[in-house]
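Structure, as structure tokens:
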Amino acid sequence: AGSLILLTYAIHKEDPVFIVGQSLGSIIYIRNLVLIDRKKRALARANHNND
């Protein structure tokens with residue numbers, strides 16, 4: 001969540017270098033959250049199929 005706040009601040013300051021840096025960090029953070037969610041869903045499906 002902190003990276004999104006910093007990205008918002010960078011956009012407010014209109015600093016292109018700061019924006020690019022924070023955008024990359026935010027993209028990686030969001031990607032990791034998606035991967036974690038996919039793994040949880042796959043495990044839940046596997047457990048449901050085993051019952």
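Every chain in the structure tokens takes a letter, A first, then B, and so on in the order presented; its residues are numbered from 1, and the ligands are numbered from 1 following the presented order.
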Can you pull out every residue within 8 Å of stretch 26-40 of chain A, counting only C-alpha atoms, but drop anything in the same chain fewer than 2 positions away, and send it as an mmCIF file with N, CA and C atoms, in the first residue's frame?
```cif
data_model
loop_
_atom_site.group_PDB
_atom_site.id
_atom_site.type_symbol
_atom_site.label_atom_id
_atom_site.label_comp_id
_atom_site.auth_asym_id
_atom_site.auth_seq_id
_atom_site.Cartn_x
_atom_site.Cartn_y
_atom_site.Cartn_z
ATOM 1 N N SER A 3 3.641 1.754 -1.572
ATOM 2 C CA SER A 3 4.113 2.092 -2.918
ATOM 3 C C SER A 3 3.044 2.835 -3.709
ATOM 4 N N LEU A 4 1.775 2.507 -3.468
ATOM 5 C CA LEU A 4 0.693 3.218 -4.158
ATOM 6 C C LEU A 4 0.563 4.650 -3.653
ATOM 7 N N LEU A 7 3.358 6.494 -5.262
ATOM 8 C CA LEU A 7 3.038 6.732 -6.669
ATOM 9 C C LEU A 7 2.088 7.917 -6.804
ATOM 10 N N GLN A 22 8.218 4.428 -9.099
ATOM 11 C CA GLN A 22 7.138 3.936 -8.249
ATOM 12 C C GLN A 22 6.165 3.057 -9.028
ATOM 13 N N SER A 23 5.985 3.334 -10.306
ATOM 14 C CA SER A 23 5.092 2.514 -11.129
ATOM 15 C C SER A 23 5.621 1.092 -11.225
ATOM 16 N N LEU A 24 6.917 0.961 -11.449
ATOM 17 C CA LEU A 24 7.505 -0.378 -11.560
ATOM 18 C C LEU A 24 7.340 -1.152 -10.253
ATOM 19 N N ALA A 42 -6.082 -22.156 -6.381
ATOM 20 C CA ALA A 42 -5.724 -23.485 -6.879
ATOM 21 C C ALA A 42 -5.706 -24.495 -5.738
ATOM 22 N N LEU A 43 -5.164 -24.100 -4.595
ATOM 23 C CA LEU A 43 -5.145 -24.996 -3.435
ATOM 24 C C LEU A 43 -6.554 -25.278 -2.937
ATOM 25 N N ALA A 44 -7.406 -24.271 -2.951
ATOM 26 C CA ALA A 44 -8.791 -24.457 -2.514
ATOM 27 C C ALA A 44 -9.515 -25.416 -3.455
#
```
Legend entry - Atom-to-atom span, atom CA of A:Phe18 and atom CA of A:Leu6, Å: 8.8 Å
